[in-house]
Every structure is written in C-alpha cells, then in structure tokens.
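S.K.: Contents are TSV, C-alpha atoms and all ligand atoms; file name input_7.tsv:
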```tsv
chain	number	residue	atom	x	y	z
I	1	MET	CA	42.94	-81.60	52.04
I	2	GLY	CA	46.30	-81.47	53.66
I	3	ARG	CA	48.28	-78.51	54.83
I	4	LYS	CA	48.89	-75.47	52.61
I	5	SER	CA	52.35	-73.97	52.29
I	6	GLY	CA	53.40	-70.76	50.57
I	7	MET	CA	56.68	-72.40	49.60
I	8	LYS	CA	57.16	-73.76	46.10
I	9	GLY	CA	58.24	-77.39	45.50
I	10	SER	CA	58.34	-80.36	47.82
I	11	PHE	CA	60.47	-80.41	50.95
I	12	LYS	CA	62.92	-82.71	49.16
I	13	GLU	CA	63.21	-80.33	46.19
I	14	ARG	CA	63.72	-77.32	48.44
I	15	ARG	CA	66.35	-79.14	50.48
I	16	GLN	CA	68.15	-80.09	47.26
I	17	LYS	CA	68.09	-76.45	46.04
I	18	TRP	CA	69.38	-75.22	49.39
I	19	LYS	CA	72.19	-77.79	49.25
I	20	GLU	CA	73.17	-76.72	45.72
I	21	GLU	CA	73.14	-73.04	46.69
I	22	SER	CA	75.25	-73.69	49.81
I	23	GLU	CA	77.73	-75.62	47.67
I	24	ARG	CA	77.86	-72.79	45.09
I	25	ILE	CA	78.57	-70.22	47.82
I	26	ALA	CA	81.27	-72.42	49.37
I	27	GLN	CA	82.96	-72.77	45.96
I	28	ALA	CA	82.70	-69.01	45.38
I	29	GLN	CA	84.30	-68.28	48.77
I	30	LYS	CA	87.06	-70.75	47.94
I	31	ARG	CA	87.77	-68.94	44.64
I	32	VAL	CA	87.98	-65.59	46.45
I	33	ALA	CA	90.36	-67.07	49.05
I	34	GLU	CA	92.53	-68.58	46.28
I	35	ALA	CA	92.67	-65.24	44.42
I	36	ASN	CA	93.74	-63.50	47.62
I	37	LYS	CA	96.60	-65.96	48.07
I	38	MET	CA	98.38	-64.61	44.98
I	39	THR	CA	101.45	-62.44	45.40
I	40	ASP	CA	101.83	-61.23	41.78
I	41	PRO	CA	98.63	-61.68	39.73
I	42	PHE	CA	100.32	-60.56	36.48
I	43	GLN	CA	102.80	-63.45	36.72
I	44	GLU	CA	100.51	-66.03	38.31
I	45	LEU	CA	97.76	-65.37	35.73
I	46	SER	CA	100.22	-65.20	32.78
I	47	MET	CA	99.40	-61.56	32.07
I	48	GLY	CA	102.88	-60.03	31.83
I	49	ALA	CA	101.97	-58.49	28.44
I	50	PHE	CA	99.46	-56.22	30.23
I	51	GLN	CA	102.03	-54.55	32.46
I	52	LYS	CA	102.97	-52.01	29.80
I	53	PHE	CA	100.86	-49.20	28.38
I	54	ASP	CA	102.49	-47.31	25.51
I	55	ARG	CA	99.95	-45.09	23.78
I	56	ASN	CA	98.97	-41.48	23.24
I	57	ASP	CA	102.38	-40.11	24.26
I	58	ILE	CA	102.53	-41.91	27.59
I	59	SER	CA	104.66	-44.89	28.50
I	60	ILE	CA	103.56	-46.63	31.67
I	61	ASN	CA	104.54	-49.73	33.67
I	62	ILE	CA	101.92	-51.35	35.88
I	63	GLU	CA	102.34	-53.62	38.91
I	64	ALA	CA	99.84	-55.31	41.21
I	65	LYS	CA	100.46	-55.49	44.95
I	66	ARG	CA	98.63	-56.33	48.13
I	67	VAL	CA	98.54	-53.43	50.56
I	68	ALA	CA	100.84	-55.34	52.96
I	69	ASP	CA	103.54	-55.43	50.25
I	70	LEU	CA	103.27	-51.73	49.36
I	71	ASP	CA	105.91	-49.36	50.74
I	72	GLU	CA	104.62	-46.60	53.04
I	73	GLU	CA	105.54	-43.79	50.60
I	74	THR	CA	103.52	-45.33	47.75
I	75	LEU	CA	100.58	-46.00	50.04
I	76	GLN	CA	100.62	-42.38	51.22
I	77	TRP	CA	100.77	-41.23	47.57
I	78	CYS	CA	97.65	-43.33	46.84
I	79	ILE	CA	95.78	-41.74	49.74
I	80	ASP	CA	96.94	-38.23	48.77
I	81	LEU	CA	95.94	-38.57	45.09
I	82	THR	CA	92.54	-39.94	46.08
I	83	LYS	CA	92.05	-36.89	48.30
I	84	VAL	CA	93.14	-34.46	45.56
I	85	ASN	CA	90.79	-36.04	43.01
I	86	MET	CA	87.82	-36.89	45.21
I	87	GLN	CA	87.47	-34.64	48.28
I	88	ASP	CA	85.22	-32.09	46.52
I	89	ILE	CA	83.04	-34.85	45.07
I	90	TYR	CA	82.67	-36.54	48.49
I	91	GLU	CA	81.83	-33.19	50.09
I	92	MET	CA	78.87	-32.87	47.71
I	93	SER	CA	77.55	-36.20	49.03
I	94	GLU	CA	75.58	-37.05	52.15
I	95	GLY	CA	78.51	-38.79	53.85
I	96	GLY	CA	81.08	-36.04	53.20
I	97	TRP	CA	84.86	-36.58	53.26
I	98	SER	CA	86.82	-38.08	56.16
I	99	ASP	CA	90.63	-38.48	56.05
I	100	ARG	CA	90.41	-41.15	58.72
I	101	ALA	CA	87.67	-43.20	57.02
I	102	LYS	CA	89.45	-43.08	53.65
I	103	ARG	CA	92.77	-44.13	55.19
I	104	GLU	CA	91.06	-47.03	57.00
I	105	GLU	CA	89.38	-48.16	53.77
I	106	MET	CA	92.58	-47.90	51.73
I	107	THR	CA	94.75	-49.75	54.28
I	108	HIS	CA	92.32	-52.61	55.02
I	109	GLU	CA	94.17	-55.93	54.88
I	110	SER	CA	92.15	-57.20	51.88
I	111	VAL	CA	93.13	-54.27	49.62
I	112	TRP	CA	95.02	-54.79	46.36
I	113	TYR	CA	96.56	-52.01	44.28
I	114	LEU	CA	97.50	-51.52	40.68
I	115	ILE	CA	100.23	-48.89	40.61
I	116	ALA	CA	101.10	-47.25	37.27
I	117	ARG	CA	104.44	-45.47	36.87
I	118	ASN	CA	106.09	-43.67	33.97
I	119	GLN	CA	109.56	-44.55	32.65
I	120	GLN	CA	111.17	-42.30	35.30
I	121	GLY	CA	109.39	-44.30	38.03
I	122	GLN	CA	106.99	-41.47	38.90
I	123	ARG	CA	103.58	-42.71	40.04
I	124	LYS	CA	100.78	-41.67	37.68
I	125	ALA	CA	97.73	-43.81	38.54
I	126	LEU	CA	96.30	-46.25	41.04
I	127	VAL	CA	93.48	-48.73	41.25
I	128	HIS	CA	92.32	-49.95	44.66
I	129	PHE	CA	90.46	-53.24	44.24
I	130	ARG	CA	89.50	-56.37	46.15
I	131	PHE	CA	88.63	-59.98	45.38
I	132	ASP	CA	85.54	-60.31	47.53
I	133	MET	CA	82.04	-61.71	48.05
I	134	ASP	CA	79.20	-59.29	47.31
I	135	TYR	CA	75.72	-60.59	48.22
I	136	GLU	CA	77.09	-64.14	48.01
I	137	VAL	CA	78.60	-63.60	44.55
I	138	GLU	CA	82.36	-63.68	43.90
I	139	VAL	CA	83.52	-60.38	42.38
I	140	VAL	CA	86.40	-58.03	41.75
I	141	TYR	CA	85.32	-54.78	43.42
I	142	CYS	CA	86.99	-51.59	42.19
I	143	TYR	CA	87.00	-49.14	45.13
I	144	GLU	CA	89.10	-46.45	43.48
I	145	ILE	CA	90.52	-45.66	40.08
I	146	GLN	CA	92.57	-42.47	40.22
I	147	LEU	CA	94.76	-40.96	37.53
I	148	VAL	CA	96.84	-37.81	37.84
I	149	LYS	CA	95.47	-35.11	35.57
I	150	GLU	CA	98.23	-35.22	32.94
I	151	VAL	CA	97.53	-38.89	32.05
I	152	GLN	CA	93.72	-38.67	32.02
I	153	LYS	CA	91.75	-39.13	28.76
I	154	LYS	CA	94.55	-41.12	27.07
I	155	GLY	CA	92.99	-44.58	27.37
I	156	LEU	CA	94.88	-45.55	30.55
I	157	GLY	CA	91.74	-45.72	32.75
I	158	LYS	CA	90.04	-48.07	30.30
I	159	PHE	CA	93.18	-50.23	30.13
I	160	LEU	CA	93.39	-50.48	33.94
I	161	MET	CA	89.74	-51.55	34.14
I	162	GLN	CA	90.40	-54.14	31.43
I	163	ILE	CA	93.17	-55.56	33.62
I	164	LEU	CA	90.65	-55.98	36.45
I	165	GLU	CA	88.24	-57.65	34.01
I	166	LEU	CA	90.92	-60.11	32.97
I	167	PHE	CA	91.90	-60.76	36.61
I	168	ALA	CA	88.21	-61.52	37.24
I	169	PHE	CA	87.97	-63.82	34.23
I	170	LYS	CA	91.11	-65.74	35.11
I	171	THR	CA	90.21	-66.21	38.78
I	172	GLY	CA	86.59	-67.19	38.07
I	173	MET	CA	84.92	-64.07	39.53
I	174	LYS	CA	81.43	-63.34	38.19
I	175	LYS	CA	81.64	-59.58	37.66
I	176	VAL	CA	83.65	-56.43	38.17
I	177	MET	CA	81.83	-53.86	40.30
I	178	CYS	CA	82.26	-50.26	41.37
I	179	THR	CA	80.26	-47.55	43.12
I	180	VAL	CA	80.16	-44.10	41.52
I	181	PHE	CA	78.60	-40.91	42.87
I	182	SER	CA	75.78	-39.82	40.56
I	183	HIS	CA	77.19	-36.27	40.56
I	184	ASN	CA	80.66	-37.51	39.45
I	185	THR	CA	79.53	-37.03	35.87
I	186	GLY	CA	82.97	-37.56	34.30
I	187	SER	CA	83.49	-40.89	36.04
I	188	MET	CA	79.91	-41.95	35.31
I	189	ALA	CA	80.42	-41.18	31.59
I	190	PHE	CA	83.68	-43.16	31.66
I	191	PHE	CA	82.13	-46.28	33.20
I	192	LYS	CA	79.07	-46.16	30.92
I	193	LYS	CA	81.41	-45.76	27.93
I	194	ILE	CA	83.30	-48.92	28.88
I	195	LYS	CA	79.99	-50.79	29.19
I	196	TYR	CA	79.33	-50.86	32.93
I	197	VAL	CA	75.61	-51.03	33.75
I	198	VAL	CA	73.55	-50.50	36.89
I	199	ASP	CA	73.97	-53.60	39.06
I	200	GLU	CA	71.05	-55.66	40.37
I	201	THR	CA	72.11	-54.72	43.93
I	202	GLN	CA	71.41	-50.99	43.32
I	203	PRO	CA	68.99	-49.88	46.09
I	204	ASP	CA	65.40	-49.45	44.91
I	205	PRO	CA	64.34	-45.79	45.47
I	206	LEU	CA	60.77	-46.87	46.35
I	207	MET	CA	61.80	-49.55	48.86
I	208	ASP	CA	65.11	-48.20	50.16
I	209	GLY	CA	64.92	-44.43	49.57
I	210	GLU	CA	66.93	-42.25	47.20
I	211	VAL	CA	70.71	-42.64	47.15
I	212	ASP	CA	73.37	-40.38	45.60
I	213	TYR	CA	75.40	-43.14	43.99
I	214	GLU	CA	75.11	-45.91	41.44
I	215	ILE	CA	76.41	-49.42	41.86
I	216	LEU	CA	77.76	-50.40	38.45
I	217	SER	CA	79.02	-53.71	37.16
I	218	LYS	CA	80.16	-55.63	34.12
I	219	PRO	CA	79.44	-59.37	34.00
I	220	ILE	CA	82.38	-61.62	33.21
I	221	LYS	CA	81.51	-64.63	31.10
I	222	PRO	CA	82.97	-67.86	32.43
I	223	ALA	CA	85.41	-69.78	30.24
I	224	PRO	CA	83.77	-72.13	27.74
I	225	PRO	CA	84.71	-75.84	27.83
I	226	ALA	CA	88.38	-76.65	28.29
I	227	ARG	CA	89.68	-77.72	24.87
I	228	MET	CA	89.61	-74.17	23.41
I	229	PRO	CA	92.94	-72.31	23.53
I	230	THR	CA	93.22	-69.91	26.49
I	231	ALA	CA	93.77	-66.87	24.26
I	232	THR	CA	90.45	-67.52	22.48
I	233	ARG	CA	88.61	-67.91	25.78
I	234	ALA	CA	90.05	-64.71	27.25
I	235	ALA	CA	89.14	-62.80	24.10
I	236	ASP	CA	85.56	-64.12	24.32
I	237	ALA	CA	85.16	-62.93	27.87
I	238	VAL	CA	86.67	-59.49	27.47
I	239	PRO	CA	86.28	-58.68	23.79
I	240	THR	CA	87.97	-55.29	23.82
I	241	LEU	CA	91.04	-56.48	25.67
I	242	VAL	CA	94.37	-56.17	23.86
I	243	PRO	CA	97.85	-55.67	25.28
I	244	ALA	CA	99.13	-52.12	24.94
I	245	ALA	CA	100.70	-51.42	21.57
I	246	SER	CA	104.32	-50.40	21.87
X	1	LIG	C1	87.59	-41.28	35.45
X	1	LIG	C2	88.96	-41.74	35.02
X	1	LIG	C3	89.35	-42.96	35.85
X	1	LIG	C4	88.90	-42.15	33.54
X	1	LIG	O1	90.16	-42.59	33.09
X	1	LIG	P1	90.76	-41.98	31.73
X	1	LIG	O2	92.05	-42.63	31.45
X	1	LIG	O3	90.77	-40.50	31.84
X	1	LIG	O4	89.67	-42.43	30.65
X	1	LIG	P2	89.95	-43.12	29.22
X	1	LIG	O5	90.84	-42.21	28.44
X	1	LIG	O6	90.42	-44.51	29.41
X	1	LIG	O7	88.50	-43.09	28.59
X	1	LIG	C5	87.77	-44.25	28.17
X	1	LIG	C6	86.51	-43.75	27.48
X	1	LIG	O8	85.72	-43.02	28.45
X	1	LIG	C7	85.49	-41.68	27.99
X	1	LIG	N1	85.65	-40.74	29.11
X	1	LIG	C8	86.64	-40.71	30.01
X	1	LIG	N2	86.48	-39.66	30.85
X	1	LIG	C9	85.37	-39.03	30.43
X	1	LIG	C10	84.70	-37.86	30.87
X	1	LIG	N3	85.14	-37.14	31.91
X	1	LIG	N4	83.58	-37.49	30.21
X	1	LIG	C11	83.10	-38.19	29.15
X	1	LIG	N5	83.71	-39.31	28.67
X	1	LIG	C12	84.83	-39.72	29.31
X	1	LIG	C13	86.59	-41.40	27.00
X	1	LIG	O9	86.21	-40.44	26.05
X	1	LIG	C14	86.83	-42.75	26.37
X	1	LIG	O10	85.92	-42.98	25.32
X	1	LIG	P3	86.46	-43.59	23.91
X	1	LIG	O11	86.88	-45.02	24.24
X	1	LIG	O12	85.28	-43.50	23.01
X	1	LIG	O13	87.62	-42.74	23.51
X	1	LIG	C15	90.05	-40.63	35.18
X	1	LIG	O14	89.74	-39.56	34.34
X	1	LIG	C16	90.22	-40.13	36.60
X	1	LIG	O15	91.09	-40.61	37.32
X	1	LIG	N6	89.41	-39.12	37.01
X	1	LIG	C17	89.52	-38.48	38.31
X	1	LIG	C18	89.18	-39.38	39.46
X	1	LIG	C19	87.83	-40.07	39.36
X	1	LIG	O16	86.78	-39.47	39.20
X	1	LIG	N7	87.88	-41.39	39.52
X	1	LIG	C20	86.74	-42.26	39.48
X	1	LIG	C21	86.19	-42.43	40.85
X	1	LIG	S1	84.81	-43.53	40.83
```
Kindly present the structure from the file in structure tokens form.
M.R.:
Amino acid sequence: MGRKSGMKGSFKERRQKWKEESERIAQAQKRVAEANKMTDPFQELSMGAFQKFDRNDISINIEAKRVADLDEETLQWCIDLTKVNMQDIYEMSEGGWSDRAKREEMTHESVWYLIARNQQGQRKALVHFRFDMDYEVEVVYCYEIQLVKEVQKKGLGKFLMQILELFAFKTGMKKVMCTVFSHNTGSMAFFKKIKYVVDETQPDPLMDGEVDYEILSKPIKPAPPARMPTATRAADAVPTLVPAAS
C-alpha cells in the first residue's frame, strides 16, 4: 500500500512550491532593500506634487527623511510630540510608557520620517514609518502618526497616510500596516474611516490570548500591465489619492 504522508502533493510538487515561495521572499526582501536605499522618496518616486497640503486654513510642506539625515532638534521634537500625544494612552496599556524604549524605537537605523511644517517652518506633524518585511511580506509599516492639536481634523492625517500608500504602491510593497491601541478610540475611528481593516496577523484571542491593540492594514494593489499610463495605475491603486488643492 505504500507509505502514508500527511503532506499534500508529491515531493516534486512540494519542492517546486517551496522554491517558488523562497524566490518570492527573496524578491520581496530585495524590494525592501531598494526602497531603503532612497534618499528622497518624493523626488525618486516622482511625487513632488504631494509635498504640499493647502486645505482647511492650513498650508503645509512635507518632506521625507531617513532618521540618519534628520537634525537632532527635529528628532527630539518628534519624540516630544509623541510623548505629549501618547503617554496617557500607553499608560492605559499593559506595557505602559517608557521614554527609553520610545527613543530607541524612534532612532532605530531603519526609521523614516515624514515631517510636516507650516509656511513659517514650524513643525506640525510627523509620521514614523519603515519599509520592512512583516511575516515574509513586504510592507510600509506606520509606527507613529502624530499631529499637533491645532492641525488635527483638517484632513492632514488622511493625506499623510495617502502618501505612505503611494510610497507603498510605487515601491511594490503589498500593504500599509499600523498597530493601534483598542482604547485609542479617536485613532481607531480615523483608521477605520480611511479604510484600514484588521490584518490577518492580528493575534487570535482563543489561541494567543487577549491583546489590547489591533493590527490594521490596507492592501495595495500592484500595478496592472505596463502599457497603461502611470497616473492611471496610481489612481487605480489608491483611488482617493489626489494632490492637495492649492
Ligand atoms: C489620529 C490622527 C492622526 C488623525 O489625523 P487627522 O488629521 O486629525 O484626521 P483627518 O482630518 O485626516 O480625518 C480623516 C477622517 O477620519 C475621521 N477622524 C479623524 N479623527 C477622528 C476622531 N478622533 N474620531 C472620529 N473620526 C475621526 C475624520 O472625521 C475624517 O473623516 P472624513 O474623511 O469623513 O471627514 C490625529 O488626530 C492625531 O495625531 N491624533 C493624536 C495622536 C494619535 O492618536 N495618533 C495615532 C496613533 S496610532
């Protein structure tokens, strides 16, 4: 009768699948490495039109920088604003707040920032993000999105997330992800409003125990076949994305 195996498919088929999966992961890692080689994603991805946000009585300029290229004063401002906005919310969580842990996270060598300034050059918002692998999938991971109070609820947060979505589309990442505390109801409402859904990597309460956060994501459709104009393909992937009206 031969030997039984719980595995599906012949050895040859399984070896072929394993080879294909290894190749896919290698390609994904290569895309992440390429994305991390950029110095100015807005210029290198032809997205200069998205560096201005002029709506709802605010006029903002946005730049993208790796942490290594950020001046110390701006980096400290990022850490300080994150503390102002988030310390209370972290203290309601199991892990609590740690100045040291947050500084380590925000100064890790793989960190990228979007920095948003008004016309006087005052900093008004930041996004801390990374091009990274998450469970063997290439992603843009949003670690922080922080706006100073006076520019909240004016569409800037949505616009900054749309920039990440377009970065992801143009660099071939599969999704944009973020982790949000369940009790951060404002932020949760924001992400749900801009169509983020619970990611497949969210821990299962039955298998893994209850957690006090949600892992959210938005899938990014890959570009359809080459001959279509780039503008059409970008619009397909991120339908709500439009440069800021002046
Ligand atoms: C959460 C945050 C990033 C949202 O950015 P924002 O610029 O204020 O939000 P937007 O104006 O772009 O809002 C986009 C949509 O989300 C909705 N939304 C935003 N904040 C909301 C809130 N607190 N409650 C309910 N809905 C909200 C808006 O009504 C808007 O919907 P619309 O498109 O129908 O008008 C910003 O308010 C912030 O920095 N908060 C403090 C820090 C924080 O919690 N960061 C997130 C950590 S994970």
S.K.: Determine, for each residue of chain I having at least one atom at most 9 Å from an atom of ligand LIG 1 (chain X), the closest pair of atoms and their separation in Å to one decimal, counting all atoms listed in the file; order by chain and ascending number, as a tab-separated table.
M.R.:
```
residue	atom	partner	partner_atom	distance
I:Leu81	CA	X:LIG1	C18	8.8
I:Thr82	CA	X:LIG1	C18	7.4
I:Val84	CA	X:LIG1	C18	8.8
I:Asn85	CA	X:LIG1	C18	5.1
I:Met86	CA	X:LIG1	C18	6.4
I:Ile89	CA	X:LIG1	O16	8.4
I:Ala125	CA	X:LIG1	O15	7.5
I:Leu126	CA	X:LIG1	O15	8.5
I:Val127	CA	X:LIG1	C3	8.9
I:Cys142	CA	X:LIG1	S1	8.5
I:Tyr143	CA	X:LIG1	S1	7.4
I:Glu144	CA	X:LIG1	C21	5.6
I:Ile145	CA	X:LIG1	N7	5.1
I:Gln146	CA	X:LIG1	O15	3.7
I:Leu147	CA	X:LIG1	O15	3.7
I:Val148	CA	X:LIG1	O15	6.4
I:Lys149	CA	X:LIG1	O15	7.2
I:Val151	CA	X:LIG1	O2	6.7
I:Gln152	CA	X:LIG1	O3	3.5
I:Lys153	CA	X:LIG1	O5	3.2
I:Lys154	CA	X:LIG1	O5	4.1
I:Gly155	CA	X:LIG1	O6	3.3
I:Leu156	CA	X:LIG1	O2	4.2
I:Gly157	CA	X:LIG1	O2	3.4
I:Lys158	CA	X:LIG1	O6	3.7
I:Phe159	CA	X:LIG1	O6	6.4
I:Leu160	CA	X:LIG1	O6	8.1
I:Met161	CA	X:LIG1	O6	8.5
I:Cys178	CA	X:LIG1	S1	7.2
I:Thr179	CA	X:LIG1	S1	6.5
I:Val180	CA	X:LIG1	S1	4.7
I:Phe181	CA	X:LIG1	S1	7.0
I:Asn184	CA	X:LIG1	O16	6.4
I:Thr185	CA	X:LIG1	N3	6.9
I:Gly186	CA	X:LIG1	N3	3.3
I:Ser187	CA	X:LIG1	C1	4.2
I:Met188	CA	X:LIG1	S1	7.5
I:Ala189	CA	X:LIG1	C11	4.7
I:Phe190	CA	X:LIG1	O8	3.8
I:Phe191	CA	X:LIG1	O8	6.8
I:Lys192	CA	X:LIG1	O8	7.8
I:Lys193	CA	X:LIG1	O8	5.1
I:Ile194	CA	X:LIG1	C6	6.2
```
S.K.: Taking C-alpha atoms for each residue, export the selection above as a PDB file, in the coordinates of the input.
M.R.:
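So out-v6.pdb came out as:
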```
ATOM      1  CA  LEU I  81      95.940 -38.570  45.090  1.00  0.00           C
ATOM      2  CA  THR I  82      92.540 -39.940  46.080  1.00  0.00           C
ATOM      3  CA  VAL I  84      93.140 -34.460  45.560  1.00  0.00           C
ATOM      4  CA  ASN I  85      90.790 -36.040  43.010  1.00  0.00           C
ATOM      5  CA  MET I  86      87.820 -36.890  45.210  1.00  0.00           C
ATOM      6  CA  ILE I  89      83.040 -34.850  45.070  1.00  0.00           C
ATOM      7  CA  ALA I 125      97.730 -43.810  38.540  1.00  0.00           C
ATOM      8  CA  LEU I 126      96.300 -46.250  41.040  1.00  0.00           C
ATOM      9  CA  VAL I 127      93.480 -48.730  41.250  1.00  0.00           C
ATOM     10  CA  CYS I 142      86.990 -51.590  42.190  1.00  0.00           C
ATOM     11  CA  TYR I 143      87.000 -49.140  45.130  1.00  0.00           C
ATOM     12  CA  GLU I 144      89.100 -46.450  43.480  1.00  0.00           C
ATOM     13  CA  ILE I 145      90.520 -45.660  40.080  1.00  0.00           C
ATOM     14  CA  GLN I 146      92.570 -42.470  40.220  1.00  0.00           C
ATOM     15  CA  LEU I 147      94.760 -40.960  37.530  1.00  0.00           C
ATOM     16  CA  VAL I 148      96.840 -37.810  37.840  1.00  0.00           C
ATOM     17  CA  LYS I 149      95.470 -35.110  35.570  1.00  0.00           C
ATOM     18  CA  VAL I 151      97.530 -38.890  32.050  1.00  0.00           C
ATOM     19  CA  GLN I 152      93.720 -38.670  32.020  1.00  0.00           C
ATOM     20  CA  LYS I 153      91.750 -39.130  28.760  1.00  0.00           C
ATOM     21  CA  LYS I 154      94.550 -41.120  27.070  1.00  0.00           C
ATOM     22  CA  GLY I 155      92.990 -44.580  27.370  1.00  0.00           C
ATOM     23  CA  LEU I 156      94.880 -45.550  30.550  1.00  0.00           C
ATOM     24  CA  GLY I 157      91.740 -45.720  32.750  1.00  0.00           C
ATOM     25  CA  LYS I 158      90.040 -48.070  30.300  1.00  0.00           C
ATOM     26  CA  PHE I 159      93.180 -50.230  30.130  1.00  0.00           C
ATOM     27  CA  LEU I 160      93.390 -50.480  33.940  1.00  0.00           C
ATOM     28  CA  MET I 161      89.740 -51.550  34.140  1.00  0.00           C
ATOM     29  CA  CYS I 178      82.260 -50.260  41.370  1.00  0.00           C
ATOM     30  CA  THR I 179      80.260 -47.550  43.120  1.00  0.00           C
ATOM     31  CA  VAL I 180      80.160 -44.100  41.520  1.00  0.00           C
ATOM     32  CA  PHE I 181      78.600 -40.910  42.870  1.00  0.00           C
ATOM     33  CA  ASN I 184      80.660 -37.510  39.450  1.00  0.00           C
ATOM     34  CA  THR I 185      79.530 -37.030  35.870  1.00  0.00           C
ATOM     35  CA  GLY I 186      82.970 -37.560  34.300  1.00  0.00           C
ATOM     36  CA  SER I 187      83.490 -40.890  36.040  1.00  0.00           C
ATOM     37  CA  MET I 188      79.910 -41.950  35.310  1.00  0.00           C
ATOM     38  CA  ALA I 189      80.420 -41.180  31.590  1.00  0.00           C
ATOM     39  CA  PHE I 190      83.680 -43.160  31.660  1.00  0.00           C
ATOM     40  CA  PHE I 191      82.130 -46.280  33.200  1.00  0.00           C
ATOM     41  CA  LYS I 192      79.070 -46.160  30.920  1.00  0.00           C
ATOM     42  CA  LYS I 193      81.410 -45.760  27.930  1.00  0.00           C
ATOM     43  CA  ILE I 194      83.300 -48.920  28.880  1.00  0.00           C
TER      44      ILE I 194
END
```
S.K.: Step by step, gather every atom of stretch 21-40 of chain I that the file lists, find the box along x, y and z that holds them, add 6 Å on each side, and finally give centre and edge lengths in Å to one decimal, as JSON.
M.R.:
```
{"center_x": 87.5, "center_y": -68.4, "center_z": 45.8, "size_x": 40.7, "size_y": 26.4, "size_z": 20.0}
```
S.K.: Given only C-alpha atoms as the basis, pick out the residue of I:Gln119, I:Ser217, I:Asn36, I:Ser10 nearest to I:Phe53.
M.R.: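 Distance minimum relative to I:Phe53 lands on I:Gln119.
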S.K.: Using all atoms listed in the file, which of the listed residues (I:Val32, I:Asp40, I:Gln122, I:Ile115) sits closest to I:Tyr141?
M.R.: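 Residue with the minimum atom-to-atom distance to I:Tyr141: I:Val32.
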S.K.: Between atom CA of I:Pro41 and atom CA of I:Lys65, measure the distance and give it in Å to one decimal.
M.R.: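 Interatomic distance here is 8.3 Å.
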S.K.: Could you state the separation of atom CA of I:Lys37 and atom CA of I:Arg117 in Å, given to one decimal place?
M.R.: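 Separation between atom CA of I:Lys37 and atom CA of I:Arg117: 24.6 Å.
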S.K.: Using only C-alpha atoms, find the one residue out of I:Ala68, I:Met177, I:Ala168, I:Ile62 that sits nearest to I:Lys124.
M.R.: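 Using only C-alpha atoms, I:Lys124 sits closest to I:Ile62.
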